[in-house]
Amino acid sequence: MVRLGIRLLVRVLTKPDVQAQMEHYSKFSPSPLSMKQFMDFGLEDGNCPQSFAFLKHELPVRICNIMKEINLLPEKLLQMPSAKTVKGWYQQTLGDLLEYEDTDDECMQTNGRFTDQLITIRNRHSNVVETMAQAVLEMRESYAYDQHEENNIQYFLNRFYISRISIRMLINQHTLLFGSAPKTHHRHIGSIDPNTDVVSVVADAYDSAKFLCDQYYLASPDVEITHINAKDENSGINMVYVPSHLYHILFELFKNSMRAVMEHKGPSASDYPKIKVLITKGHHDLTIRMSDEGGGIPRSQIDQLFNYMYTTAPTPPKPGVSTIPPLAGYGYGLPISRLYAKYFHGDLAVTSMEGYGTDTLVYLKVLSSEANELLPIYNHAVNKHYRSNLTASDWSSPLAGIRSFSLCANKIF
């Protein structure tokens, strides 16, 4: 018992100063990787010790860069219970990773423990999106907030969630390549499919969304998928990509389109217009256009679609309360989907015709060498962004009232 107490005391005394280490690692910029680099490493170039050597430095860098930004958030958000939970997860994860800072890269036992630690970290952060969303809800229910604070939270969440996507990508690649779990997709290089069948992923996402739609509305619109390969008319649509990322994007888009169609046409409709998906592959871009006849939305509301917490659906239960995924909820579907597209330098855009329907376009990089990670970097410009106040608009507002011309009649122009 005494020996155990001594060992615990020694561990506490020798554990790295997490705050000091956060300052140290946040001075480094993250190292973005391309899809091709991920592929080459997994196929032939890399091994477990090399991956360990890279990750034990790169993961703390990415974590510390975003942790510095967490500390710049409004205090009224940081004191929310859910925000404290998320911050605690990141602090704990940084402490776990720092224990490997000075270890031997070639020691296979250490490599094995590190791989197991990464799995623990991934599981710990599995509810980060929902928990941070809950923190923002808690703040809005407890405090008034101004436009500057709202803009800062929007700016932060975009960077925070894309940082999370990148960290999970690194962890998944390492654990899938070098972990002990059996390989479920033998063609995959980690989480990357070098020959992703895009049409098949679209169909899978549709089937999953249709299942939810049938549960909620007891009916669902059909889908019509068309594809054009401009590089080779006789070939299908395949590319190097992460199927789970593409599935996530398309599943969210199908849910939105299905909900719009069902509510626009109403329960008394005998038939529902199809959701039409067009996939095109060029020399540089792969584009997916999803078109629905769900009534569309006003042009003035397009930007709101990418605002976190903007949703027209009822608020979902807290994380862990319900096991049934909602058809719509926190309003994070489109913003997060756009981040998944942007992560490898793609994009997601929405155009709509009010009274008719909506088109959503997903752009992805065809060339794996051009599909580079998009990563947030903490620097002085970021610090200045959080601390600067809003400046007055130098354009007239469409919401401002129009003065009577007679008020200006006596003025000389």
# chains A, B, ... in the order shown; residues from 1 in each chain; ligands from 1
>>> select_by_dssp(residues="region 94-265 of chain A", states="strand (DSSP E)", output="VMD selection string")
chain A and resid 193 to 197 223 to 229 238 to 241
>>> select_by_dssp(residues="region 83-313 of chain A", states="alpha helix (DSSP H)", output="ChimeraX atom specification")
/A:83-98,108-124,128-142,147-178,198-217,243-265
>>> atom_distance(atom1="CA of Tyr217 (chain A)", atom2="CA of Ile275 (chain A)")
16.1 Å
>>> closest_residue(among="A:Leu375, A:Leu177, A:Leu364, A:Ala381", to="Val242 (chain A)", atoms="only C-alpha atoms")
A:Leu364
>>> residues_around(residues="Arg159 (chain A)", least_positions_apart="2", cutoff="8 Å", atoms="only C-alpha atoms", output="PyMOL selection string")
chain A and resi 66+155-157+161-163+375-376
>>> write_last_selection(atoms="all heavy atoms", output="PDB file, in the first residue's frame")
ATOM      1  N   ILE A  66      -6.041  24.589 -30.621  1.00  0.00           N
ATOM      2  CA  ILE A  66      -7.470  24.869 -30.433  1.00  0.00           C
ATOM      3  C   ILE A  66      -7.792  25.155 -28.973  1.00  0.00           C
ATOM      4  O   ILE A  66      -8.727  25.914 -28.673  1.00  0.00           O
ATOM      5  CB  ILE A  66      -8.336  23.707 -30.995  1.00  0.00           C
ATOM      6  CG1 ILE A  66      -9.739  24.221 -31.363  1.00  0.00           C
ATOM      7  CG2 ILE A  66      -8.432  22.544 -30.021  1.00  0.00           C
ATOM      8  CD1 ILE A  66      -9.754  25.250 -32.472  1.00  0.00           C
ATOM      9  N   TYR A 155     -17.333  31.692 -35.227  1.00  0.00           N
ATOM     10  CA  TYR A 155     -15.959  31.596 -35.736  1.00  0.00           C
ATOM     11  C   TYR A 155     -15.222  30.450 -35.040  1.00  0.00           C
ATOM     12  O   TYR A 155     -14.554  29.632 -35.685  1.00  0.00           O
ATOM     13  CB  TYR A 155     -15.256  32.931 -35.476  1.00  0.00           C
ATOM     14  CG  TYR A 155     -13.787  32.978 -35.831  1.00  0.00           C
ATOM     15  CD1 TYR A 155     -13.365  33.145 -37.146  1.00  0.00           C
ATOM     16  CD2 TYR A 155     -12.814  32.893 -34.838  1.00  0.00           C
ATOM     17  CE1 TYR A 155     -12.018  33.214 -37.466  1.00  0.00           C
ATOM     18  CE2 TYR A 155     -11.464  32.959 -35.149  1.00  0.00           C
ATOM     19  CZ  TYR A 155     -11.070  33.124 -36.466  1.00  0.00           C
ATOM     20  OH  TYR A 155      -9.731  33.187 -36.766  1.00  0.00           O
ATOM     21  N   PHE A 156     -15.377  30.367 -33.721  1.00  0.00           N
ATOM     22  CA  PHE A 156     -14.700  29.324 -32.957  1.00  0.00           C
ATOM     23  C   PHE A 156     -15.206  27.938 -33.319  1.00  0.00           C
ATOM     24  O   PHE A 156     -14.409  27.011 -33.531  1.00  0.00           O
ATOM     25  CB  PHE A 156     -14.884  29.558 -31.459  1.00  0.00           C
ATOM     26  CG  PHE A 156     -14.499  28.361 -30.620  1.00  0.00           C
ATOM     27  CD1 PHE A 156     -13.164  28.063 -30.384  1.00  0.00           C
ATOM     28  CD2 PHE A 156     -15.471  27.521 -30.087  1.00  0.00           C
ATOM     29  CE1 PHE A 156     -12.789  26.949 -29.640  1.00  0.00           C
ATOM     30  CE2 PHE A 156     -15.112  26.409 -29.345  1.00  0.00           C
ATOM     31  CZ  PHE A 156     -13.769  26.122 -29.113  1.00  0.00           C
ATOM     32  N   LEU A 157     -16.515  27.764 -33.381  1.00  0.00           N
ATOM     33  CA  LEU A 157     -17.059  26.427 -33.610  1.00  0.00           C
ATOM     34  C   LEU A 157     -16.641  25.870 -34.964  1.00  0.00           C
ATOM     35  O   LEU A 157     -16.373  24.667 -35.082  1.00  0.00           O
ATOM     36  CB  LEU A 157     -18.583  26.442 -33.485  1.00  0.00           C
ATOM     37  CG  LEU A 157     -19.129  26.634 -32.061  1.00  0.00           C
ATOM     38  CD1 LEU A 157     -20.648  26.696 -32.065  1.00  0.00           C
ATOM     39  CD2 LEU A 157     -18.649  25.531 -31.130  1.00  0.00           C
ATOM     40  N   TYR A 161     -14.553  22.426 -34.640  1.00  0.00           N
ATOM     41  CA  TYR A 161     -15.057  21.165 -35.190  1.00  0.00           C
ATOM     42  C   TYR A 161     -14.182  20.635 -36.324  1.00  0.00           C
ATOM     43  O   TYR A 161     -14.033  19.419 -36.469  1.00  0.00           O
ATOM     44  CB  TYR A 161     -16.504  21.335 -35.647  1.00  0.00           C
ATOM     45  CG  TYR A 161     -17.483  21.455 -34.498  1.00  0.00           C
ATOM     46  CD1 TYR A 161     -18.470  22.435 -34.482  1.00  0.00           C
ATOM     47  CD2 TYR A 161     -17.404  20.599 -33.403  1.00  0.00           C
ATOM     48  CE1 TYR A 161     -19.361  22.546 -33.426  1.00  0.00           C
ATOM     49  CE2 TYR A 161     -18.285  20.710 -32.345  1.00  0.00           C
ATOM     50  CZ  TYR A 161     -19.258  21.683 -32.356  1.00  0.00           C
ATOM     51  OH  TYR A 161     -20.133  21.785 -31.304  1.00  0.00           O
ATOM     52  N   ILE A 162     -13.591  21.515 -37.123  1.00  0.00           N
ATOM     53  CA  ILE A 162     -12.709  21.000 -38.172  1.00  0.00           C
ATOM     54  C   ILE A 162     -11.410  20.489 -37.549  1.00  0.00           C
ATOM     55  O   ILE A 162     -10.807  19.529 -38.042  1.00  0.00           O
ATOM     56  CB  ILE A 162     -12.444  22.062 -39.265  1.00  0.00           C
ATOM     57  CG1 ILE A 162     -12.132  21.356 -40.589  1.00  0.00           C
ATOM     58  CG2 ILE A 162     -11.320  23.010 -38.883  1.00  0.00           C
ATOM     59  CD1 ILE A 162     -12.196  22.248 -41.810  1.00  0.00           C
ATOM     60  N   SER A 163     -10.993  21.095 -36.433  1.00  0.00           N
ATOM     61  CA  SER A 163      -9.843  20.567 -35.693  1.00  0.00           C
ATOM     62  C   SER A 163     -10.164  19.174 -35.167  1.00  0.00           C
ATOM     63  O   SER A 163      -9.334  18.260 -35.243  1.00  0.00           O
ATOM     64  CB  SER A 163      -9.491  21.498 -34.527  1.00  0.00           C
ATOM     65  OG  SER A 163      -8.530  20.904 -33.673  1.00  0.00           O
ATOM     66  N   LEU A 375      -6.582  23.178 -41.788  1.00  0.00           N
ATOM     67  CA  LEU A 375      -6.431  23.152 -40.341  1.00  0.00           C
ATOM     68  C   LEU A 375      -6.404  24.561 -39.749  1.00  0.00           C
ATOM     69  O   LEU A 375      -5.804  25.466 -40.336  1.00  0.00           O
ATOM     70  CB  LEU A 375      -5.130  22.432 -39.955  1.00  0.00           C
ATOM     71  CG  LEU A 375      -4.959  21.002 -40.478  1.00  0.00           C
ATOM     72  CD1 LEU A 375      -3.573  20.484 -40.107  1.00  0.00           C
ATOM     73  CD2 LEU A 375      -6.041  20.093 -39.921  1.00  0.00           C
ATOM     74  N   PRO A 376      -7.035  24.754 -38.589  1.00  0.00           N
ATOM     75  CA  PRO A 376      -6.947  26.053 -37.908  1.00  0.00           C
ATOM     76  C   PRO A 376      -5.580  26.220 -37.244  1.00  0.00           C
ATOM     77  O   PRO A 376      -5.020  25.269 -36.702  1.00  0.00           O
ATOM     78  CB  PRO A 376      -8.063  25.975 -36.858  1.00  0.00           C
ATOM     79  CG  PRO A 376      -8.203  24.514 -36.573  1.00  0.00           C
ATOM     80  CD  PRO A 376      -7.888  23.803 -37.865  1.00  0.00           C
TER      81      PRO A 376
END
>>> atom_distance(atom1="CA of Leu72 (chain A)", atom2="CA of Tyr100 (chain A)")
28.1 Å
>>> residues_around(residues="Lys36 (chain A)", least_positions_apart="4", cutoff="7 Å", atoms="only C-alpha atoms", output="MDAnalysis selection string")
chainID A and resid 40 368:369
>>> residues_around(residues="Val261 (chain A)", least_positions_apart="4", cutoff="9 Å", atoms="only C-alpha atoms", output="PyMOL selection string")
chain A and resi 220-221+256-257+265-266+272-275+292-295+357
